2 protein chains.
Amino acid sequence: MAMHDVECCDTFQTHEELLNLVSQKMPDEDELYDLAELFKVFGDSTRIRILYVLFEAEVCVCDLAQALNMTQSAISHQLKILKQSKLVKSRRDGKSVFYSLADNHVRTIIAQGREHIEE
Amino acid sequence: MAMHDVECCDTFQTHEELLNLVSQKMPDEDELYDLAELFKVFGDSTRIRILYVLFEAEVCVCDLAQALNMTQSAISHQLKILKQSKLVKSRRDGKSVFYSLADNHVRTIIAQGREHIEE
DNA sequence: TTATCATTTGAACAACTGTTCATATGTTCA
DNA sequence: TGAACATATGAACAGTTGTTCAAATGATAA
């Protein structure tokens, strides 16, 4: 057994190679954290429902609250999270604030998720 | 104002149409729940790191624990979650259990996530 | 200005999540 | 069989999350 090989569960595969390969391809800690944070945002059905509404139209907070039958405060809190992760953008028009999708990754990611589920 | 229009934040857009469109395109409650559950699984950096290792090779639990410098128990708990959501599959060979990716949606979803972040 | 509407924000609370530790299960080999 | 190794599991704990409620901010019109 070569000096750098690591003994682990008695399988004599090339641990060294694996560890090298992994440390080479693994994104750095910051990116992993950001990735997890992004997916956390998709991991709540209220936020997914908000995104589904925004798939159809630019909508103000009050309309979102009504469409999803939730309090305006709850929606506003979730919109803040969606905005922080740059999934939606907002625009004020008079007293109302209108929200819309920030880009199309949102659609792709959700579409892939649905594909995975429906199997 | 038509009878079925809903008054909301004084914007006289076609609330009725919007509500119809949304209720038509919105997945049902069960699917929304499943979607959120799926993305929750991606929403943890330990699980993402496990997936990155499995991008490279089929690996046993003990090797995963070593590659990620975590306890075998912690890894095992996370593998259970990954397996429940059908992102990974496992195969026993003697004393060891080897894990691998269940399909390629995993790669696509993570790739899309990375794309979104790097903007 | 004041009144009203739309939205945001902060604190509080219950519910949930990831890790650790101890222990159980499963497998191989002597 | 018993010993050693690999993995899985359950309970416990701290840390996080989503909603509610009350109050603050922002914008408009009288």
# chains A, B, ... in the order shown; residues from 1 in each chain; ligands from 1
>>> residues_around(residues="Gln78 (chain A)", least_positions_apart="5", cutoff="12 Å", atoms="only C-alpha atoms (C1' of nucleotides)", output="PyMOL selection string")
(chain A and resi 41-51+61+64-65+70-73+83-85+87-88+99) or (chain C and resi 8) or (chain D and resi 17-19)
>>> calpha_fit_and_write(fixed="chain A", moving="chain B", output="short mmCIF file (atom, residue, chain, number, x, y, z; two decimals) with N, CA and C atoms, in the first residue's frame")
data_model
loop_
_atom_site.label_atom_id
_atom_site.label_comp_id
_atom_site.auth_asym_id
_atom_site.auth_seq_id
_atom_site.Cartn_x
_atom_site.Cartn_y
_atom_site.Cartn_z
N MET B 1 0.69 -1.27 -0.10
CA MET B 1 -0.11 -0.05 -0.10
C MET B 1 0.80 1.18 -0.13
N ALA B 2 0.54 2.04 -1.08
CA ALA B 2 1.40 3.22 -1.23
C ALA B 2 1.30 4.13 0.00
N MET B 3 2.31 4.91 0.15
CA MET B 3 2.43 5.72 1.36
C MET B 3 1.26 6.68 1.58
N HIS B 4 0.76 7.24 0.48
CA HIS B 4 -0.28 8.25 0.64
C HIS B 4 -1.69 7.68 0.63
N ASP B 5 -1.79 6.41 0.35
CA ASP B 5 -3.12 5.81 0.38
C ASP B 5 -3.65 5.85 1.80
N VAL B 6 -4.94 5.98 1.88
CA VAL B 6 -5.55 6.01 3.20
C VAL B 6 -6.33 4.72 3.39
N GLU B 7 -6.15 4.12 4.53
CA GLU B 7 -6.89 2.89 4.76
C GLU B 7 -8.28 3.26 5.24
N CYS B 8 -9.25 2.69 4.59
CA CYS B 8 -10.62 3.04 4.94
C CYS B 8 -11.52 1.90 4.54
N CYS B 9 -12.23 1.36 5.47
CA CYS B 9 -13.19 0.28 5.27
C CYS B 9 -12.66 -0.83 4.38
N ASP B 10 -11.38 -1.04 4.45
CA ASP B 10 -10.74 -2.18 3.80
C ASP B 10 -10.91 -2.27 2.29
N THR B 11 -11.47 -1.26 1.67
CA THR B 11 -11.54 -1.30 0.22
C THR B 11 -10.28 -0.62 -0.30
N PHE B 12 -9.55 -1.34 -1.13
CA PHE B 12 -8.27 -0.81 -1.57
C PHE B 12 -8.38 -0.08 -2.89
N GLN B 13 -9.43 0.71 -3.02
CA GLN B 13 -9.51 1.50 -4.24
C GLN B 13 -8.63 2.72 -4.07
N THR B 14 -8.52 3.50 -5.11
CA THR B 14 -7.55 4.59 -5.09
C THR B 14 -8.09 5.80 -4.34
N HIS B 15 -8.03 5.70 -3.03
CA HIS B 15 -8.52 6.78 -2.19
C HIS B 15 -7.84 8.10 -2.50
N GLU B 16 -6.56 7.99 -2.72
CA GLU B 16 -5.78 9.20 -2.98
C GLU B 16 -6.31 9.92 -4.21
N GLU B 17 -6.47 9.17 -5.28
CA GLU B 17 -7.00 9.75 -6.51
C GLU B 17 -8.36 10.38 -6.29
N LEU B 18 -9.22 9.66 -5.59
CA LEU B 18 -10.56 10.18 -5.34
C LEU B 18 -10.49 11.50 -4.58
N LEU B 19 -9.71 11.50 -3.53
CA LEU B 19 -9.61 12.71 -2.72
C LEU B 19 -9.08 13.89 -3.54
N ASN B 20 -8.11 13.61 -4.40
CA ASN B 20 -7.58 14.66 -5.26
C ASN B 20 -8.65 15.20 -6.20
N LEU B 21 -9.32 14.25 -6.86
CA LEU B 21 -10.35 14.61 -7.83
C LEU B 21 -11.43 15.46 -7.16
N VAL B 22 -11.85 15.02 -5.99
CA VAL B 22 -12.93 15.72 -5.30
C VAL B 22 -12.50 17.12 -4.91
N SER B 23 -11.34 17.22 -4.31
CA SER B 23 -10.89 18.55 -3.85
C SER B 23 -10.65 19.47 -5.04
N GLN B 24 -10.46 18.86 -6.20
CA GLN B 24 -10.22 19.66 -7.40
C GLN B 24 -11.54 20.19 -7.97
N LYS B 25 -12.56 19.34 -7.97
CA LYS B 25 -13.84 19.72 -8.60
C LYS B 25 -14.82 20.38 -7.63
N MET B 26 -14.62 20.17 -6.35
CA MET B 26 -15.54 20.73 -5.36
C MET B 26 -15.46 22.25 -5.33
N PRO B 27 -16.58 22.94 -5.46
CA PRO B 27 -16.56 24.42 -5.35
C PRO B 27 -16.06 24.82 -3.97
N ASP B 28 -15.56 26.01 -3.87
CA ASP B 28 -15.05 26.43 -2.56
C ASP B 28 -16.21 26.67 -1.58
N GLU B 29 -15.84 26.78 -0.32
CA GLU B 29 -16.80 26.84 0.77
C GLU B 29 -17.87 27.93 0.55
N ASP B 30 -17.44 29.08 0.12
CA ASP B 30 -18.38 30.19 -0.09
C ASP B 30 -19.42 29.86 -1.13
N GLU B 31 -18.96 29.25 -2.24
CA GLU B 31 -19.91 28.94 -3.30
C GLU B 31 -20.88 27.84 -2.86
N LEU B 32 -20.37 26.85 -2.13
CA LEU B 32 -21.25 25.81 -1.61
C LEU B 32 -22.32 26.40 -0.70
N TYR B 33 -21.90 27.35 0.13
CA TYR B 33 -22.84 28.00 1.03
C TYR B 33 -23.90 28.76 0.24
N ASP B 34 -23.46 29.50 -0.77
CA ASP B 34 -24.41 30.27 -1.60
C ASP B 34 -25.38 29.35 -2.33
N LEU B 35 -24.85 28.24 -2.84
CA LEU B 35 -25.70 27.28 -3.54
C LEU B 35 -26.77 26.75 -2.60
N ALA B 36 -26.37 26.33 -1.42
CA ALA B 36 -27.33 25.80 -0.45
C ALA B 36 -28.36 26.87 -0.10
N GLU B 37 -27.90 28.11 0.11
CA GLU B 37 -28.81 29.19 0.43
C GLU B 37 -29.83 29.39 -0.69
N LEU B 38 -29.37 29.32 -1.92
CA LEU B 38 -30.28 29.48 -3.06
C LEU B 38 -31.37 28.40 -3.06
N PHE B 39 -30.96 27.15 -2.88
CA PHE B 39 -31.94 26.08 -2.92
C PHE B 39 -32.87 26.12 -1.72
N LYS B 40 -32.37 26.61 -0.59
CA LYS B 40 -33.25 26.78 0.57
C LYS B 40 -34.44 27.67 0.21
N VAL B 41 -34.17 28.68 -0.62
CA VAL B 41 -35.23 29.61 -1.00
C VAL B 41 -36.33 28.88 -1.76
N PHE B 42 -35.94 27.94 -2.59
CA PHE B 42 -36.93 27.14 -3.32
C PHE B 42 -37.60 26.10 -2.42
N GLY B 43 -37.05 25.90 -1.26
CA GLY B 43 -37.53 24.83 -0.40
C GLY B 43 -38.68 25.21 0.51
N ASP B 44 -39.55 26.05 0.03
CA ASP B 44 -40.74 26.43 0.81
C ASP B 44 -41.89 26.63 -0.15
N SER B 45 -43.01 25.99 0.13
CA SER B 45 -44.09 25.97 -0.85
C SER B 45 -44.75 27.34 -1.01
N THR B 46 -44.72 28.15 0.02
CA THR B 46 -45.25 29.52 -0.15
C THR B 46 -44.44 30.28 -1.19
N ARG B 47 -43.12 30.19 -1.09
CA ARG B 47 -42.28 30.91 -2.06
C ARG B 47 -42.44 30.33 -3.46
N ILE B 48 -42.58 29.02 -3.56
CA ILE B 48 -42.80 28.43 -4.87
C ILE B 48 -44.12 28.92 -5.45
N ARG B 49 -45.14 29.01 -4.61
CA ARG B 49 -46.42 29.50 -5.11
C ARG B 49 -46.31 30.94 -5.58
N ILE B 50 -45.57 31.75 -4.85
CA ILE B 50 -45.35 33.13 -5.28
C ILE B 50 -44.70 33.14 -6.66
N LEU B 51 -43.69 32.30 -6.84
CA LEU B 51 -43.00 32.26 -8.13
C LEU B 51 -43.95 31.83 -9.25
N TYR B 52 -44.82 30.88 -8.95
CA TYR B 52 -45.78 30.44 -9.97
C TYR B 52 -46.71 31.58 -10.39
N VAL B 53 -47.10 32.40 -9.45
CA VAL B 53 -47.93 33.56 -9.82
C VAL B 53 -47.12 34.49 -10.72
N LEU B 54 -45.87 34.72 -10.34
CA LEU B 54 -45.04 35.63 -11.11
C LEU B 54 -44.66 35.07 -12.48
N PHE B 55 -44.83 33.77 -12.67
CA PHE B 55 -44.64 33.18 -14.01
C PHE B 55 -45.64 33.80 -14.97
N GLU B 56 -46.81 34.19 -14.45
CA GLU B 56 -47.89 34.65 -15.31
C GLU B 56 -47.91 36.16 -15.51
N ALA B 57 -47.53 36.90 -14.48
CA ALA B 57 -47.65 38.35 -14.57
C ALA B 57 -46.85 39.07 -13.51
N GLU B 58 -46.64 40.35 -13.74
CA GLU B 58 -46.08 41.23 -12.72
C GLU B 58 -47.23 41.57 -11.78
N VAL B 59 -47.03 41.37 -10.48
CA VAL B 59 -48.14 41.44 -9.54
C VAL B 59 -47.74 42.24 -8.31
N CYS B 60 -48.69 43.00 -7.75
CA CYS B 60 -48.38 43.73 -6.52
C CYS B 60 -48.60 42.83 -5.30
N VAL B 61 -48.03 43.24 -4.19
CA VAL B 61 -48.04 42.45 -2.97
C VAL B 61 -49.45 42.08 -2.56
N CYS B 62 -50.31 43.05 -2.63
CA CYS B 62 -51.68 42.84 -2.19
C CYS B 62 -52.41 41.81 -3.05
N ASP B 63 -52.14 41.83 -4.35
CA ASP B 63 -52.73 40.82 -5.23
C ASP B 63 -52.16 39.43 -4.94
N LEU B 64 -50.86 39.39 -4.69
CA LEU B 64 -50.24 38.11 -4.34
C LEU B 64 -50.90 37.53 -3.09
N ALA B 65 -51.06 38.39 -2.08
CA ALA B 65 -51.67 37.93 -0.84
C ALA B 65 -53.05 37.36 -1.09
N GLN B 66 -53.78 38.04 -1.98
CA GLN B 66 -55.13 37.57 -2.27
C GLN B 66 -55.11 36.27 -3.08
N ALA B 67 -54.25 36.23 -4.10
CA ALA B 67 -54.19 35.05 -4.96
C ALA B 67 -53.81 33.80 -4.15
N LEU B 68 -52.97 33.99 -3.16
CA LEU B 68 -52.50 32.84 -2.39
C LEU B 68 -53.23 32.70 -1.06
N ASN B 69 -54.19 33.59 -0.83
CA ASN B 69 -54.98 33.53 0.39
C ASN B 69 -54.12 33.53 1.65
N MET B 70 -53.20 34.49 1.68
CA MET B 70 -52.34 34.63 2.86
C MET B 70 -52.28 36.10 3.26
N THR B 71 -51.80 36.36 4.46
CA THR B 71 -51.71 37.75 4.90
C THR B 71 -50.64 38.49 4.11
N GLN B 72 -50.85 39.79 4.01
CA GLN B 72 -49.92 40.63 3.27
C GLN B 72 -48.54 40.59 3.93
N SER B 73 -48.54 40.49 5.25
CA SER B 73 -47.26 40.48 5.96
C SER B 73 -46.45 39.22 5.64
N ALA B 74 -47.11 38.09 5.66
CA ALA B 74 -46.43 36.84 5.36
C ALA B 74 -45.82 36.88 3.96
N ILE B 75 -46.62 37.38 3.00
CA ILE B 75 -46.13 37.48 1.62
C ILE B 75 -44.94 38.43 1.54
N SER B 76 -45.04 39.54 2.23
CA SER B 76 -43.98 40.53 2.18
C SER B 76 -42.66 39.97 2.73
N HIS B 77 -42.77 39.23 3.82
CA HIS B 77 -41.57 38.59 4.37
C HIS B 77 -40.93 37.66 3.35
N GLN B 78 -41.74 36.89 2.68
CA GLN B 78 -41.21 35.93 1.71
C GLN B 78 -40.65 36.63 0.48
N LEU B 79 -41.30 37.71 0.07
CA LEU B 79 -40.79 38.46 -1.08
C LEU B 79 -39.41 39.01 -0.78
N LYS B 80 -39.22 39.39 0.47
CA LYS B 80 -37.90 39.91 0.85
C LYS B 80 -36.81 38.86 0.63
N ILE B 81 -37.12 37.63 1.03
CA ILE B 81 -36.17 36.53 0.85
C ILE B 81 -35.92 36.26 -0.63
N LEU B 82 -37.01 36.26 -1.41
CA LEU B 82 -36.88 36.03 -2.85
C LEU B 82 -36.05 37.12 -3.51
N LYS B 83 -36.21 38.34 -3.01
CA LYS B 83 -35.48 39.45 -3.61
C LYS B 83 -34.01 39.41 -3.23
N GLN B 84 -33.75 39.05 -1.98
CA GLN B 84 -32.35 38.95 -1.54
C GLN B 84 -31.57 37.94 -2.36
N SER B 85 -32.24 36.87 -2.76
CA SER B 85 -31.53 35.87 -3.56
C SER B 85 -31.66 36.16 -5.06
N LYS B 86 -32.15 37.34 -5.37
CA LYS B 86 -32.20 37.82 -6.75
C LYS B 86 -33.05 36.96 -7.68
N LEU B 87 -34.09 36.36 -7.10
CA LEU B 87 -35.00 35.58 -7.93
C LEU B 87 -36.13 36.46 -8.43
N VAL B 88 -36.44 37.53 -7.70
CA VAL B 88 -37.47 38.48 -8.14
C VAL B 88 -36.92 39.90 -8.03
N LYS B 89 -37.56 40.79 -8.76
CA LYS B 89 -37.21 42.20 -8.64
C LYS B 89 -38.50 42.98 -8.40
N SER B 90 -38.38 44.21 -7.95
CA SER B 90 -39.57 44.98 -7.62
C SER B 90 -39.49 46.39 -8.19
N ARG B 91 -40.66 46.99 -8.29
CA ARG B 91 -40.76 48.31 -8.89
C ARG B 91 -41.94 49.00 -8.21
N ARG B 92 -41.71 50.17 -7.71
CA ARG B 92 -42.81 50.86 -7.04
C ARG B 92 -43.59 51.70 -8.06
N ASP B 93 -44.91 51.64 -7.96
CA ASP B 93 -45.77 52.48 -8.79
C ASP B 93 -46.83 53.06 -7.87
N GLY B 94 -46.62 54.29 -7.46
CA GLY B 94 -47.54 54.89 -6.50
C GLY B 94 -47.46 54.19 -5.18
N LYS B 95 -48.60 53.83 -4.63
CA LYS B 95 -48.62 53.17 -3.33
C LYS B 95 -48.22 51.71 -3.42
N SER B 96 -48.39 51.13 -4.64
CA SER B 96 -48.15 49.70 -4.78
C SER B 96 -46.72 49.39 -5.17
N VAL B 97 -46.27 48.19 -4.83
CA VAL B 97 -44.98 47.69 -5.29
C VAL B 97 -45.25 46.43 -6.11
N PHE B 98 -44.75 46.45 -7.33
CA PHE B 98 -44.98 45.32 -8.22
C PHE B 98 -43.75 44.43 -8.29
N TYR B 99 -44.00 43.15 -8.17
CA TYR B 99 -42.90 42.17 -8.22
C TYR B 99 -42.96 41.37 -9.51
N SER B 100 -41.78 41.00 -10.01
CA SER B 100 -41.70 40.15 -11.19
C SER B 100 -40.45 39.29 -11.10
N LEU B 101 -40.37 38.29 -11.96
CA LEU B 101 -39.21 37.40 -11.98
C LEU B 101 -37.97 38.17 -12.38
N ALA B 102 -36.85 37.84 -11.76
CA ALA B 102 -35.60 38.54 -12.07
C ALA B 102 -34.96 37.99 -13.33
N ASP B 103 -35.07 36.69 -13.55
CA ASP B 103 -34.50 36.08 -14.76
C ASP B 103 -35.14 34.72 -14.99
N ASN B 104 -34.62 34.00 -15.97
CA ASN B 104 -35.30 32.76 -16.33
C ASN B 104 -34.74 31.49 -15.70
N HIS B 105 -33.68 31.66 -14.89
CA HIS B 105 -33.17 30.48 -14.19
C HIS B 105 -34.25 29.90 -13.31
N VAL B 106 -35.08 30.79 -12.77
CA VAL B 106 -36.15 30.34 -11.89
C VAL B 106 -37.01 29.30 -12.59
N ARG B 107 -37.44 29.63 -13.79
CA ARG B 107 -38.28 28.68 -14.54
C ARG B 107 -37.55 27.36 -14.77
N THR B 108 -36.29 27.46 -15.19
CA THR B 108 -35.54 26.24 -15.49
C THR B 108 -35.37 25.37 -14.26
N ILE B 109 -35.01 25.99 -13.15
CA ILE B 109 -34.77 25.21 -11.94
C ILE B 109 -36.04 24.51 -11.48
N ILE B 110 -37.14 25.25 -11.47
CA ILE B 110 -38.40 24.63 -11.05
C ILE B 110 -38.85 23.56 -12.03
N ALA B 111 -38.63 23.82 -13.32
CA ALA B 111 -39.00 22.81 -14.32
C ALA B 111 -38.22 21.52 -14.11
N GLN B 112 -36.92 21.65 -13.84
CA GLN B 112 -36.10 20.46 -13.59
C GLN B 112 -36.57 19.73 -12.34
N GLY B 113 -36.91 20.50 -11.33
CA GLY B 113 -37.43 19.89 -10.10
C GLY B 113 -38.68 19.08 -10.38
N ARG B 114 -39.59 19.67 -11.13
CA ARG B 114 -40.83 18.97 -11.46
C ARG B 114 -40.55 17.69 -12.24
N GLU B 115 -39.62 17.80 -13.20
CA GLU B 115 -39.27 16.61 -13.98
C GLU B 115 -38.80 15.49 -13.07
N HIS B 116 -37.95 15.85 -12.13
CA HIS B 116 -37.42 14.81 -11.24
C HIS B 116 -38.54 14.14 -10.44
N ILE B 117 -39.47 14.95 -10.00
CA ILE B 117 -40.55 14.42 -9.16
C ILE B 117 -41.47 13.48 -9.93
N GLU B 118 -41.74 13.87 -11.18
CA GLU B 118 -42.71 13.10 -11.95
C GLU B 118 -42.08 11.90 -12.63
N GLU B 119 -41.50 11.04 -11.85
CA GLU B 119 -40.88 9.83 -12.43
C GLU B 119 -41.23 8.61 -11.61
#
>>> select_by_dssp(residues="region 7-115 of chain B", states="strand (DSSP E)", output="PyMOL selection string")
chain B and resi 59-60+88-93+96-101
>>> closest_atom_pairs(of="chain C", to="chain A", cutoff="9 Å", atoms="only C-alpha atoms (C1' of nucleotides)", output="Markdown table")
| residue | atom | partner | partner_atom | distance |
| --- | --- | --- | --- | --- |
| C:DC5 | C1' | A:Lys95 | CA | 7.3 |
| C:DA6 | C1' | A:Lys95 | CA | 5.4 |
| C:DT7 | C1' | A:Ser96 | CA | 7.4 |
| C:DT8 | C1' | A:Ser76 | CA | 7.2 |
| C:DT9 | C1' | A:His77 | CA | 8.7 |
>>> select_by_dssp(residues="chain A", states="helix (DSSP H, G or I)", output="PyMOL selection string")
chain A and resi 15-25+29-42+45-56+61-68+72-84+105-117
>>> residues_around(residues="DA12 (chain C)", least_positions_apart="3", cutoff="12 Å", atoms="only C-alpha atoms (C1' of nucleotides)", output="JSON, numbers by chain")
{"D": [19, 20, 21, 22]}
>>> write_last_selection(atoms="N, CA and C atoms (P, O5', C5', C4', C3', O3' and C1' of nucleotides)", output="PDB file, in the first residue's frame")
ATOM      1  P    DT D  19     -45.056  30.915   5.638  1.00  0.00           P
ATOM      2  O5'  DT D  19     -45.851  31.465   6.902  1.00  0.00           O
ATOM      3  C5'  DT D  19     -46.539  30.542   7.740  1.00  0.00           C
ATOM      4  C4'  DT D  19     -46.982  31.226   9.025  1.00  0.00           C
ATOM      5  C3'  DT D  19     -47.852  32.469   8.808  1.00  0.00           C
ATOM      6  O3'  DT D  19     -49.138  32.230   9.362  1.00  0.00           O
ATOM      7  C1'  DT D  19     -46.108  32.871  10.416  1.00  0.00           C
ATOM      8  P    DT D  20     -50.254  33.382   9.231  1.00  0.00           P
ATOM      9  O5'  DT D  20     -50.153  34.154  10.627  1.00  0.00           O
ATOM     10  C5'  DT D  20     -50.155  33.411  11.852  1.00  0.00           C
ATOM     11  C4'  DT D  20     -49.957  34.368  13.030  1.00  0.00           C
ATOM     12  C3'  DT D  20     -50.808  35.630  12.966  1.00  0.00           C
ATOM     13  O3'  DT D  20     -51.513  35.780  14.192  1.00  0.00           O
ATOM     14  C1'  DT D  20     -48.530  36.181  13.302  1.00  0.00           C
ATOM     15  P    DC D  21     -52.743  36.787  14.281  1.00  0.00           P
ATOM     16  O5'  DC D  21     -52.111  38.023  15.073  1.00  0.00           O
ATOM     17  C5'  DC D  21     -51.365  37.789  16.267  1.00  0.00           C
ATOM     18  C4'  DC D  21     -50.592  39.052  16.627  1.00  0.00           C
ATOM     19  C3'  DC D  21     -51.358  40.351  16.415  1.00  0.00           C
ATOM     20  O3'  DC D  21     -51.425  41.067  17.637  1.00  0.00           O
ATOM     21  C1'  DC D  21     -49.178  40.468  15.467  1.00  0.00           C
ATOM     22  P    DA D  22     -52.276  42.428  17.723  1.00  0.00           P
ATOM     23  O5'  DA D  22     -51.122  43.529  17.763  1.00  0.00           O
ATOM     24  C5'  DA D  22     -49.978  43.295  18.585  1.00  0.00           C
ATOM     25  C4'  DA D  22     -48.941  44.372  18.316  1.00  0.00           C
ATOM     26  C3'  DA D  22     -49.529  45.778  18.157  1.00  0.00           C
ATOM     27  O3'  DA D  22     -48.744  46.702  18.883  1.00  0.00           O
ATOM     28  C1'  DA D  22     -48.266  45.201  16.239  1.00  0.00           C
TER      29       DA D  22
END
>>> atom_distance(atom1="C1' of DT19 (chain C)", atom2="C1' of DA6 (chain D)")
19.9 Å
>>> closest_atom_pairs(of="chain D", to="chain B", cutoff="10 Å", atoms="only C-alpha atoms (C1' of nucleotides)", output="JSON lines")
{"residue": "D:DC5", "atom": "C1'", "partner": "B:Lys95", "partner_atom": "CA", "distance": 7.4}
{"residue": "D:DA6", "atom": "C1'", "partner": "B:Lys95", "partner_atom": "CA", "distance": 5.4}
{"residue": "D:DT7", "atom": "C1'", "partner": "B:Ser96", "partner_atom": "CA", "distance": 7.4}
{"residue": "D:DA8", "atom": "C1'", "partner": "B:Ser76", "partner_atom": "CA", "distance": 7.1}
{"residue": "D:DT9", "atom": "C1'", "partner": "B:His77", "partner_atom": "CA", "distance": 8.6}
>>> atom_distance(atom1="C1' of DA11 (chain C)", atom2="C1' of DC13 (chain D)")
23.9 Å
